[in-house]
>>> print(open('protein-v5.cif').read())   # mmCIF, C-alpha atoms (C1' of nucleotides)
data_upload
loop_
_atom_site.label_atom_id
_atom_site.label_comp_id
_atom_site.auth_asym_id
_atom_site.auth_seq_id
_atom_site.Cartn_x
_atom_site.Cartn_y
_atom_site.Cartn_z
CA MET A 1 0.00 0.00 0.00
CA ALA A 2 1.17 3.51 -0.71
CA PRO A 3 2.71 5.32 2.28
CA ASN A 4 -0.01 7.78 3.21
CA SER A 5 -2.97 5.98 1.73
CA ALA A 6 -4.37 5.44 5.22
CA LEU A 7 -4.70 9.19 5.61
CA ALA A 8 -6.06 9.50 2.10
CA ALA A 9 -8.69 6.90 2.90
CA LYS A 10 -9.71 8.71 6.05
CA ARG A 11 -10.11 11.97 4.14
CA SER A 12 -11.69 10.61 0.99
CA ALA A 13 -14.14 8.09 2.43
CA PRO A 14 -16.61 10.71 3.75
CA ILE A 15 -16.62 12.40 0.33
CA PHE A 16 -17.39 9.14 -1.44
CA ALA A 17 -20.01 8.35 1.18
CA ALA A 18 -21.70 11.68 0.48
CA LEU A 19 -21.69 10.93 -3.25
CA GLY A 20 -22.86 7.38 -2.66
CA ASP A 21 -26.55 8.13 -2.69
CA GLU A 22 -28.50 8.49 -5.91
CA THR A 23 -30.50 11.49 -4.75
CA ARG A 24 -27.39 13.31 -3.53
CA LEU A 25 -25.40 12.49 -6.66
CA ARG A 26 -28.23 13.93 -8.72
CA LEU A 27 -28.20 17.06 -6.59
CA VAL A 28 -24.48 17.44 -7.26
CA THR A 29 -24.90 16.97 -10.99
CA HIS A 30 -27.76 19.47 -10.89
CA LEU A 31 -25.51 22.02 -9.26
CA SER A 32 -22.55 21.17 -11.46
CA ASN A 33 -23.59 23.67 -14.12
CA GLY A 34 -22.50 26.39 -11.73
CA GLU A 35 -25.85 28.03 -11.11
CA PRO A 36 -26.86 28.20 -7.43
CA MET A 37 -30.36 26.85 -6.83
CA SER A 38 -32.93 27.10 -4.08
CA ILE A 39 -34.22 24.12 -2.13
CA THR A 40 -37.70 24.15 -3.62
CA ARG A 41 -36.25 24.34 -7.11
CA LEU A 42 -33.99 21.39 -6.35
CA THR A 43 -36.97 19.55 -4.90
CA ASP A 44 -38.99 20.00 -8.09
CA THR A 45 -36.81 17.59 -10.03
CA ALA A 46 -36.59 15.04 -7.21
CA LYS A 47 -38.94 12.32 -6.08
CA VAL A 48 -38.81 12.95 -2.36
CA THR A 49 -39.93 15.62 0.09
CA ARG A 50 -38.37 19.00 0.50
CA GLN A 51 -37.27 17.93 3.97
CA ALA A 52 -35.44 14.94 2.55
CA ILE A 53 -33.68 17.20 0.06
CA THR A 54 -32.75 19.58 2.86
CA LYS A 55 -31.22 16.70 4.82
CA HIS A 56 -29.29 15.53 1.78
CA LEU A 57 -27.97 19.05 1.19
CA HIS A 58 -26.72 19.16 4.76
CA VAL A 59 -24.98 15.83 4.29
CA LEU A 60 -23.26 17.20 1.19
CA GLU A 61 -22.38 20.33 3.13
CA GLY A 62 -20.89 18.21 5.91
CA ALA A 63 -18.63 16.57 3.35
CA GLY A 64 -17.61 20.01 2.07
CA LEU A 65 -19.12 19.42 -1.35
CA VAL A 66 -21.67 22.24 -1.36
CA ARG A 67 -22.22 25.46 0.47
CA GLY A 68 -25.42 27.36 1.17
CA VAL A 69 -26.05 31.10 1.02
CA ARG A 70 -29.09 32.85 2.35
CA GLN A 71 -30.67 35.29 -0.06
CA GLY A 72 -33.90 36.89 1.04
CA ARG A 73 -36.29 34.14 1.97
CA GLU A 74 -34.47 31.65 -0.18
CA GLN A 75 -31.53 29.45 0.69
CA LEU A 76 -29.35 29.02 -2.39
CA TRP A 77 -26.93 26.12 -2.69
CA GLU A 78 -23.87 25.95 -4.89
CA LEU A 79 -21.11 23.48 -5.59
CA ALA A 80 -17.77 23.67 -3.76
CA PRO A 81 -15.52 21.88 -6.22
CA ASP A 82 -12.39 21.56 -4.09
CA LYS A 83 -13.53 18.33 -2.48
CA LEU A 84 -14.66 16.92 -5.79
CA GLU A 85 -11.12 17.37 -7.00
CA GLU A 86 -9.85 15.57 -3.93
CA ALA A 87 -12.05 12.57 -4.60
CA ARG A 88 -11.00 12.57 -8.24
CA ARG A 89 -7.34 12.53 -7.23
CA CYS A 90 -7.92 9.64 -4.86
CA LEU A 91 -9.50 7.54 -7.60
CA GLU A 92 -6.73 8.48 -9.99
CA LEU A 93 -4.13 7.43 -7.45
CA ILE A 94 -5.69 4.00 -7.13
CA SER A 95 -6.08 3.41 -10.84
CA GLU A 96 -2.57 4.67 -11.54
CA GLN A 97 -1.14 2.24 -9.03
CA TRP A 98 -3.13 -0.52 -10.63
CA ASP A 99 -1.86 0.47 -14.07
CA ARG A 100 1.71 0.31 -12.84
CA ALA A 101 1.07 -3.12 -11.37
CA LEU A 102 -0.29 -4.30 -14.70
CA GLU A 103 2.74 -2.87 -16.47
CA ARG A 104 5.11 -4.73 -14.14
CA LEU A 105 3.14 -7.91 -14.70
CA ARG A 106 3.30 -7.49 -18.48
CA LYS A 107 7.06 -7.00 -18.43
CA PHE A 108 7.49 -10.00 -16.16
CA VAL A 109 5.44 -12.22 -18.45
CA GLU A 110 7.29 -11.01 -21.55
CA SER A 111 10.71 -11.58 -20.09
CA MET B 29 -28.37 18.99 -15.95
CA ALA B 30 -26.68 16.89 -18.60
CA PRO B 31 -29.06 14.68 -20.58
CA ASN B 32 -28.26 11.23 -19.20
CA SER B 33 -26.92 12.22 -15.84
CA ALA B 34 -29.90 10.56 -14.16
CA LEU B 35 -28.75 7.23 -15.53
CA ALA B 36 -25.16 8.04 -14.63
CA ALA B 37 -26.21 8.80 -11.08
CA LYS B 38 -28.08 5.53 -10.80
CA ARG B 39 -25.05 3.60 -12.02
CA SER B 40 -22.38 5.52 -10.17
CA ALA B 41 -23.99 6.01 -6.77
CA PRO B 42 -23.58 2.37 -5.67
CA ILE B 43 -19.89 2.52 -6.61
CA PHE B 44 -19.35 5.65 -4.56
CA ALA B 45 -21.34 4.15 -1.71
CA ALA B 46 -19.05 1.12 -1.74
CA LEU B 47 -16.01 3.39 -1.64
CA GLY B 48 -17.58 5.56 1.04
CA ASP B 49 -16.36 3.57 4.00
CA GLU B 50 -12.87 3.96 5.37
CA THR B 51 -12.29 0.24 5.88
CA ARG B 52 -13.45 -0.59 2.38
CA LEU B 53 -11.47 2.23 0.79
CA ARG B 54 -8.38 0.90 2.52
CA LEU B 55 -9.13 -2.58 1.22
CA VAL B 56 -9.29 -1.17 -2.29
CA THR B 57 -6.03 0.72 -1.92
CA HIS B 58 -4.49 -2.45 -0.49
CA LEU B 59 -5.54 -4.39 -3.54
CA SER B 60 -4.62 -1.60 -5.93
CA ASN B 61 -1.07 -2.87 -6.31
CA GLY B 62 -2.47 -5.73 -8.35
CA GLU B 63 -1.58 -8.59 -6.05
CA PRO B 64 -4.56 -10.76 -5.01
CA MET B 65 -4.74 -11.27 -1.26
CA SER B 66 -6.47 -13.68 1.09
CA ILE B 67 -9.03 -12.58 3.65
CA THR B 68 -6.83 -13.29 6.68
CA ARG B 69 -4.00 -11.34 5.09
CA LEU B 70 -6.32 -8.41 4.44
CA THR B 71 -7.58 -8.67 8.00
CA ASP B 72 -4.07 -8.40 9.42
CA THR B 73 -3.76 -4.75 8.43
CA ALA B 74 -7.29 -3.85 9.55
CA LYS B 75 -8.74 -3.03 12.93
CA VAL B 76 -11.85 -5.18 12.76
CA THR B 77 -12.76 -8.86 12.70
CA ARG B 78 -12.25 -11.19 9.79
CA GLN B 79 -16.03 -11.43 9.50
CA ALA B 80 -16.32 -7.68 9.15
CA ILE B 81 -13.68 -7.74 6.42
CA THR B 82 -15.56 -10.54 4.68
CA LYS B 83 -18.73 -8.49 4.74
CA HIS B 84 -16.93 -5.47 3.35
CA LEU B 85 -15.41 -7.53 0.57
CA HIS B 86 -18.87 -8.76 -0.39
CA VAL B 87 -20.11 -5.17 -0.48
CA LEU B 88 -17.25 -4.26 -2.80
CA GLU B 89 -18.03 -7.33 -4.90
CA GLY B 90 -21.67 -6.28 -5.11
CA ALA B 91 -20.53 -2.96 -6.52
CA GLY B 92 -18.37 -4.79 -9.05
CA LEU B 93 -15.15 -3.38 -7.63
CA VAL B 94 -13.48 -6.63 -6.63
CA ARG B 95 -13.78 -10.27 -7.46
CA GLY B 96 -12.89 -13.35 -5.43
CA VAL B 97 -11.24 -16.56 -6.55
CA ARG B 98 -11.05 -19.74 -4.53
CA GLN B 99 -7.60 -21.25 -4.34
CA GLY B 100 -7.25 -24.27 -2.13
CA ARG B 101 -8.53 -23.37 1.28
CA GLU B 102 -7.91 -19.70 0.66
CA GLN B 103 -10.21 -17.15 -0.92
CA LEU B 104 -8.16 -14.62 -2.86
CA TRP B 105 -9.55 -11.20 -3.74
CA GLU B 106 -8.40 -8.93 -6.53
CA LEU B 107 -9.37 -5.55 -7.91
CA ALA B 108 -11.74 -5.26 -10.88
CA PRO B 109 -10.75 -1.85 -12.21
CA ASP B 110 -13.56 -1.36 -14.75
CA LYS B 111 -15.93 0.10 -12.20
CA LEU B 112 -13.22 2.30 -10.75
CA GLU B 113 -12.85 3.81 -14.18
CA GLU B 114 -16.59 4.38 -14.34
CA ALA B 115 -16.57 6.30 -11.06
CA ARG B 116 -13.58 8.31 -12.22
CA ARG B 117 -15.38 9.27 -15.41
CA CYS B 118 -18.44 10.33 -13.44
CA LEU B 119 -16.40 12.68 -11.27
CA GLU B 120 -14.61 14.01 -14.31
CA LEU B 121 -17.92 14.72 -15.99
CA ILE B 122 -19.09 16.77 -13.05
CA SER B 123 -15.90 18.76 -12.69
CA GLU B 124 -15.69 19.35 -16.43
CA GLN B 125 -19.20 20.74 -16.48
CA TRP B 126 -18.28 22.94 -13.57
CA ASP B 127 -15.18 24.15 -15.37
CA ARG B 128 -17.23 25.06 -18.42
CA ALA B 129 -19.68 26.96 -16.22
CA LEU B 130 -16.79 28.90 -14.69
CA GLU B 131 -15.44 29.64 -18.15
CA ARG B 132 -18.81 30.99 -19.30
CA LEU B 133 -19.04 33.10 -16.17
CA ARG B 134 -15.54 34.50 -16.73
CA LYS B 135 -16.34 35.47 -20.32
CA PHE B 136 -19.60 37.05 -19.23
CA VAL B 137 -17.88 39.14 -16.57
CA GLU B 138 -15.12 40.22 -18.95
CA SER B 139 -17.51 41.27 -21.71
"C1'" DC C 13 -4.84 -39.72 10.71
"C1'" DG C 14 -5.16 -35.99 13.58
"C1'" DT C 15 -4.59 -31.12 14.14
"C1'" DA C 16 -4.46 -26.49 12.98
"C1'" DT C 17 -5.64 -23.02 9.56
"C1'" DG C 18 -8.79 -20.48 6.55
"C1'" DC C 19 -13.59 -19.63 5.55
"C1'" DG C 20 -18.56 -19.56 5.46
"C1'" DC C 21 -22.99 -19.18 7.76
"C1'" DA C 22 -26.24 -17.50 11.12
"C1'" DA C 23 -27.89 -15.00 14.90
"C1'" DC C 24 -27.82 -11.03 17.27
"C1'" DC C 25 -27.07 -6.03 18.48
"C1'" DA C 26 -26.56 -0.81 18.43
"C1'" DT C 27 -26.36 2.95 15.48
"C1'" DT C 28 -27.04 5.36 11.31
"C1'" DT C 29 -29.70 6.50 7.47
"C1'" DG C 30 -33.37 8.05 4.57
"C1'" DG C 31 -37.72 9.23 4.77
"C1'" DT C 32 -42.10 11.15 6.49
"C1'" DT C 33 -45.47 14.52 8.90
"C1'" DG C 34 -46.70 18.57 11.56
"C1'" DC C 35 -45.91 23.03 13.01
"C1'" DA C 36 -43.40 27.43 13.64
"C1'" DT C 37 -40.87 31.29 11.48
"C1'" DT C 38 -39.30 34.60 8.15
"C1'" DT C 39 -39.85 37.25 3.95
"C1'" DA C 40 -41.98 38.89 -0.58
"C1'" DG C 41 -45.67 41.28 -2.59
"C1'" DC C 42 -50.25 43.05 -3.21
"C1'" DG D 18 -51.14 44.76 7.20
"C1'" DC D 19 -52.29 40.19 5.31
"C1'" DT D 20 -51.54 36.28 2.67
"C1'" DA D 21 -48.73 33.08 0.43
"C1'" DA D 22 -44.28 31.21 -0.40
"C1'" DA D 23 -39.73 29.32 1.29
"C1'" DT D 24 -37.51 27.51 4.83
"C1'" DG D 25 -36.27 25.61 9.56
"C1'" DC D 26 -37.02 22.51 13.49
"C1'" DA D 27 -38.45 18.39 15.87
"C1'" DA D 28 -40.43 14.01 16.51
"C1'" DC D 29 -41.00 9.79 14.80
"C1'" DC D 30 -40.33 5.41 12.03
"C1'" DA D 31 -38.61 1.42 9.19
"C1'" DA D 32 -34.84 -0.37 7.12
"C1'" DA D 33 -30.05 -0.66 6.23
"C1'" DT D 34 -25.35 -0.79 8.05
"C1'" DG D 35 -21.27 -2.15 10.54
"C1'" DG D 36 -19.93 -4.82 13.93
"C1'" DT D 37 -19.61 -8.85 17.06
"C1'" DT D 38 -19.68 -13.95 18.65
"C1'" DG D 39 -20.28 -18.86 18.09
"C1'" DC D 40 -20.04 -22.83 15.44
"C1'" DG D 41 -19.42 -25.96 11.54
"C1'" DC D 42 -16.83 -27.42 7.42
"C1'" DA D 43 -13.10 -28.12 4.24
"C1'" DT D 44 -8.26 -28.34 3.33
"C1'" DA D 45 -3.26 -28.32 4.10
"C1'" DC D 46 0.38 -30.43 6.62
"C1'" DG D 47 3.32 -32.94 9.98
#
>>> encode(input="protein-v5.cif", output="C-alpha cells")
Amino acid sequence: MAPNSALAAKRSAPIFAALGDETRLRLVTHLSNGEPMSITRLTDTAKVTRQAITKHLHVLEGAGLVRGVRQGREQLWELAPDKLEEARRCLELISEQWDRALERLRKFVES
Amino acid sequence: MAPNSALAAKRSAPIFAALGDETRLRLVTHLSNGEPMSITRLTDTAKVTRQAITKHLHVLEGAGLVRGVRQGREQLWELAPDKLEEARRCLELISEQWDRALERLRKFVES
DNA sequence: CGTATGCGCAACCATTTGGTTGCATTTAGC
DNA sequence: GCTAAATGCAACCAAATGGTTGCGCATACG
C-alpha cells in the first residue's frame, strides 16, 4: 500500500459516502452547471420531500461538497468543487497504481 | 443537468457508496497494487474482525469493484478496475461541467 | 490420521440512514 | 397589514449498516 494511503482513505471516504446516494449524486450533478439553486427548485426535479432534500444538502455540506447562502427568503446552494477534486485525485491514485502493477506484470510475463 | 446524468447517477452512486467507508477504501487501496490477497491477510492490516472484512469484501463485490477466486482453502480477492474507471469518469464529468460553467461566467464578466 | 488453519454461515445487536409529517418562522408582494 | 411562499425545526419510524460472537466445514500439513 502507498505510504499515506491510510490518511487518504480517512479523508476521501466521507466524500465518497456523500456521493454514494443516488439522490445526492443527482443534486451534485444538478448544481454542477455552476448556477446556485434554491431548495424548492432542487426539490422540483426530485422524487422525495423538501425535507429529505434539505437533509441531503446538509450531508453534502458536511462533506464540504456544497455550500449554502441565504438570499432573502431563499436558501441558495452551490457546488464547492475543491472536495470533488480531492475525490477525483484519490481515484486516480488507485487506478494509476493498478496500471503500474499491470505494467510490471506485463514485463514480467514477456521476459 | 446533462441529458443522461440521471442514468449516470443511478449507475455511479452504488460505486461511490461502496467506496464511502474507510475500511473498504483501505481494502481497495491495499488491492490496488495488483496482487490478489487472502481474507486473513487483508484482515491483518485492519482493525476489525475477519467477519467484518468478509462483509466489506462482499459489499465491494456487489458494486463490481473486486472479485474473489477460490484457491485451495484460501479465498483470494483482486481488484476489478472497470468500475473504478466508471466512477472516475463520473467525477470528471461533473468537474468538467463545472469548469465550463466557470469559463462561461468569466467570459460574461469580462464582456 | 489428527490437528491447525482459513472460511462460510447464522444470529444477534446498536447505530445510522433516509424518509415522512406537523408546526413554527421569516420574507416577498399586493 | 395580510396572505402566500420558502424555509427551519423536531419528533417519529422502518430499514439498512457495521460490527460482534459462536459454530461448523473443508483443506493443508506434519
>>> residues_around(input="protein-v5.cif", residues="DG20 in chain C", least_positions_apart="6", cutoff="12 Å", atoms="only C-alpha atoms (C1' of nucleotides)", output="tab-separated table (two decimals) with C-alpha atoms (C1' of nucleotides), in the frame of the given file")
chain	number	residue	atom	x	y	z
B	67	ILE	CA	-9.03	-12.58	3.65
B	78	ARG	CA	-12.25	-11.19	9.79
B	79	GLN	CA	-16.03	-11.43	9.50
B	82	THR	CA	-15.56	-10.54	4.68
B	83	LYS	CA	-18.73	-8.49	4.74
B	101	ARG	CA	-8.53	-23.37	1.28
B	102	GLU	CA	-7.91	-19.70	0.66
B	103	GLN	CA	-10.21	-17.15	-0.92
D	40	DC	C1'	-20.04	-22.83	15.44
D	41	DG	C1'	-19.42	-25.96	11.54
D	42	DC	C1'	-16.83	-27.42	7.42
D	43	DA	C1'	-13.10	-28.12	4.24
>>> atom_distance(input="protein-v5.cif", atom1="CA of Leu119 in chain B", atom2="CA of Ala36 in chain B")
10.5 Å
>>> atom_distance(input="protein-v5.cif", atom1="CA of Thr49 in chain A", atom2="C1' of DG31 in chain C")
8.2 Å
>>> interface_residues(input="protein-v5.cif", of="chain C", to="chain B", cutoff="9 Å", atoms="only C-alpha atoms (C1' of nucleotides)", output="CSV table (one decimal) with C-alpha atoms (C1' of nucleotides), in the frame of the given file")
chain,number,residue,atom,x,y,z
C,17,DT,C1',-5.6,-23.0,9.6
C,18,DG,C1',-8.8,-20.5,6.6
C,19,DC,C1',-13.6,-19.6,5.6
>>> closest_atom_pairs(input="protein-v5.cif", of="chain C", to="range 21-38 of chain D", cutoff="12 Å", atoms="all atoms listed in the file", output="Markdown table")
| residue | atom | partner | partner_atom | distance |
| --- | --- | --- | --- | --- |
| C:DA22 | C1' | D:DT38 | C1' | 10.6 |
| C:DA23 | C1' | D:DT38 | C1' | 9.1 |
| C:DC24 | C1' | D:DT37 | C1' | 8.5 |
| C:DC25 | C1' | D:DT37 | C1' | 8.1 |
| C:DA26 | C1' | D:DG36 | C1' | 9.0 |
| C:DT27 | C1' | D:DT34 | C1' | 8.4 |
| C:DT28 | C1' | D:DT34 | C1' | 7.2 |
| C:DT29 | C1' | D:DA33 | C1' | 7.3 |
| C:DG30 | C1' | D:DA32 | C1' | 8.9 |
| C:DG31 | C1' | D:DC30 | C1' | 8.6 |
| C:DT32 | C1' | D:DC30 | C1' | 8.2 |
| C:DT33 | C1' | D:DC29 | C1' | 8.8 |
| C:DG34 | C1' | D:DA28 | C1' | 9.2 |
| C:DC35 | C1' | D:DC26 | C1' | 8.9 |
| C:DA36 | C1' | D:DC26 | C1' | 8.1 |
| C:DT37 | C1' | D:DG25 | C1' | 7.6 |
| C:DT38 | C1' | D:DT24 | C1' | 8.0 |
| C:DT39 | C1' | D:DA23 | C1' | 8.4 |
| C:DA40 | C1' | D:DA22 | C1' | 8.0 |
| C:DG41 | C1' | D:DA21 | C1' | 9.3 |
| C:DC42 | C1' | D:DA21 | C1' | 10.7 |
>>> closest_residue(input="protein-v5.cif", among="B:Gln99, B:Ser139, B:Ser60, B:Thr73", to="chain A", atoms="only C-alpha atoms")
B:Ser60
>>> closest_residue(input="protein-v5.cif", among="A:Leu27, A:Glu85, A:Ile15, A:Thr43", to="chain D", atoms="all atoms listed in the file")
A:Thr43
>>> atom_distance(input="protein-v5.cif", atom1="CA of Val59 in chain A", atom2="CA of Ala18 in chain A")
6.5 Å
>>> closest_residue(input="protein-v5.cif", among="B:Leu53, B:Met65, B:Leu121, B:Leu59", to="Ser12 in chain A", atoms="only C-alpha atoms")
B:Leu53
>>> closest_atom_pairs(input="protein-v5.cif", of="chain B", to="chain A", cutoff="6 Å", atoms="all atoms listed in the file", output="tab-separated table")
residue	atom	partner	partner_atom	distance
B:Met29	CA	A:His30	CA	5.1
B:Ala37	CA	A:Glu22	CA	5.7
B:Lys38	CA	A:Glu22	CA	5.7
B:Ala41	CA	A:Gly20	CA	4.5
B:Pro42	CA	A:Gly20	CA	5.9
B:Phe44	CA	A:Gly20	CA	4.4
B:Ala45	CA	A:Gly20	CA	3.7
B:Leu47	CA	A:Phe16	CA	5.9
B:Gly48	CA	A:Ala17	CA	3.7
B:Asp49	CA	A:Ala13	CA	5.3
B:Glu50	CA	A:Ala13	CA	5.2
B:Leu53	CA	A:Ala9	CA	5.8
B:His58	CA	A:Met1	CA	5.1
B:Ser60	CA	A:Trp98	CA	5.0
B:Asn61	CA	A:Trp98	CA	5.3
B:Gly62	CA	A:Ala101	CA	5.3
B:Ile122	CA	A:Ser32	CA	5.8
B:Gln125	CA	A:Asn33	CA	5.8
B:Trp126	CA	A:Ser32	CA	5.1
B:Ala129	CA	A:Gly34	CA	5.3
>>> resolve_selection(input="protein-v5.cif", expression="the PyMOL selection byres ((chain C and resi 13) around 12)", output="JSON, numbers by chain")
{"C": [14, 15], "D": [46, 47]}
>>> closest_residue(input="protein-v5.cif", among="A:Val109, A:Ala63, A:Ile53, A:Glu78", to="chain D", atoms="all atoms listed in the file")
A:Ile53
>>> closest_residue(input="protein-v5.cif", among="B:Lys75, B:Arg95, B:Arg69, B:Ala80", to="chain D", atoms="all atoms listed in the file")
B:Ala80
>>> build_atoms(input="protein-v5.cif", residues="range 118-133 of chain B", atoms="N, CA and C atoms", output="PDB file, keeping the file's coordinate frame")
ATOM      1  N   CYS B 118     -17.306   9.571 -13.970  1.00  0.00           N
ATOM      2  CA  CYS B 118     -18.440  10.330 -13.440  1.00  0.00           C
ATOM      3  C   CYS B 118     -17.970  11.617 -12.766  1.00  0.00           C
ATOM      4  N   LEU B 119     -16.939  11.500 -11.938  1.00  0.00           N
ATOM      5  CA  LEU B 119     -16.400  12.680 -11.270  1.00  0.00           C
ATOM      6  C   LEU B 119     -15.853  13.664 -12.281  1.00  0.00           C
ATOM      7  N   GLU B 120     -15.205  13.139 -13.302  1.00  0.00           N
ATOM      8  CA  GLU B 120     -14.610  14.010 -14.310  1.00  0.00           C
ATOM      9  C   GLU B 120     -15.685  14.771 -15.062  1.00  0.00           C
ATOM     10  N   LEU B 121     -16.794  14.073 -15.317  1.00  0.00           N
ATOM     11  CA  LEU B 121     -17.920  14.720 -15.990  1.00  0.00           C
ATOM     12  C   LEU B 121     -18.405  15.908 -15.193  1.00  0.00           C
ATOM     13  N   ILE B 122     -18.583  15.704 -13.906  1.00  0.00           N
ATOM     14  CA  ILE B 122     -19.090  16.770 -13.050  1.00  0.00           C
ATOM     15  C   ILE B 122     -18.122  17.951 -13.018  1.00  0.00           C
ATOM     16  N   SER B 123     -16.845  17.643 -12.816  1.00  0.00           N
ATOM     17  CA  SER B 123     -15.900  18.760 -12.690  1.00  0.00           C
ATOM     18  C   SER B 123     -15.697  19.464 -14.015  1.00  0.00           C
ATOM     19  N   GLU B 124     -15.778  18.709 -15.121  1.00  0.00           N
ATOM     20  CA  GLU B 124     -15.690  19.350 -16.430  1.00  0.00           C
ATOM     21  C   GLU B 124     -16.829  20.330 -16.641  1.00  0.00           C
ATOM     22  N   GLN B 125     -18.029  19.874 -16.302  1.00  0.00           N
ATOM     23  CA  GLN B 125     -19.200  20.740 -16.480  1.00  0.00           C
ATOM     24  C   GLN B 125     -19.041  21.995 -15.625  1.00  0.00           C
ATOM     25  N   TRP B 126     -18.492  21.792 -14.437  1.00  0.00           N
ATOM     26  CA  TRP B 126     -18.280  22.940 -13.570  1.00  0.00           C
ATOM     27  C   TRP B 126     -17.253  23.895 -14.178  1.00  0.00           C
ATOM     28  N   ASP B 127     -16.202  23.320 -14.736  1.00  0.00           N
ATOM     29  CA  ASP B 127     -15.180  24.150 -15.370  1.00  0.00           C
ATOM     30  C   ASP B 127     -15.768  24.974 -16.504  1.00  0.00           C
ATOM     31  N   ARG B 128     -16.612  24.325 -17.306  1.00  0.00           N
ATOM     32  CA  ARG B 128     -17.230  25.060 -18.420  1.00  0.00           C
ATOM     33  C   ARG B 128     -18.098  26.181 -17.901  1.00  0.00           C
ATOM     34  N   ALA B 129     -18.831  25.915 -16.797  1.00  0.00           N
ATOM     35  CA  ALA B 129     -19.680  26.960 -16.220  1.00  0.00           C
ATOM     36  C   ALA B 129     -18.822  28.137 -15.763  1.00  0.00           C
ATOM     37  N   LEU B 130     -17.692  27.839 -15.139  1.00  0.00           N
ATOM     38  CA  LEU B 130     -16.790  28.900 -14.690  1.00  0.00           C
ATOM     39  C   LEU B 130     -16.278  29.708 -15.872  1.00  0.00           C
ATOM     40  N   GLU B 131     -15.952  28.981 -16.939  1.00  0.00           N
ATOM     41  CA  GLU B 131     -15.440  29.640 -18.150  1.00  0.00           C
ATOM     42  C   GLU B 131     -16.484  30.604 -18.712  1.00  0.00           C
ATOM     43  N   ARG B 132     -17.732  30.131 -18.809  1.00  0.00           N
ATOM     44  CA  ARG B 132     -18.810  30.990 -19.300  1.00  0.00           C
ATOM     45  C   ARG B 132     -18.958  32.220 -18.416  1.00  0.00           C
ATOM     46  N   LEU B 133     -18.882  31.992 -17.107  1.00  0.00           N
ATOM     47  CA  LEU B 133     -19.040  33.100 -16.170  1.00  0.00           C
ATOM     48  C   LEU B 133     -17.917  34.123 -16.360  1.00  0.00           C
TER      49      LEU B 133
END
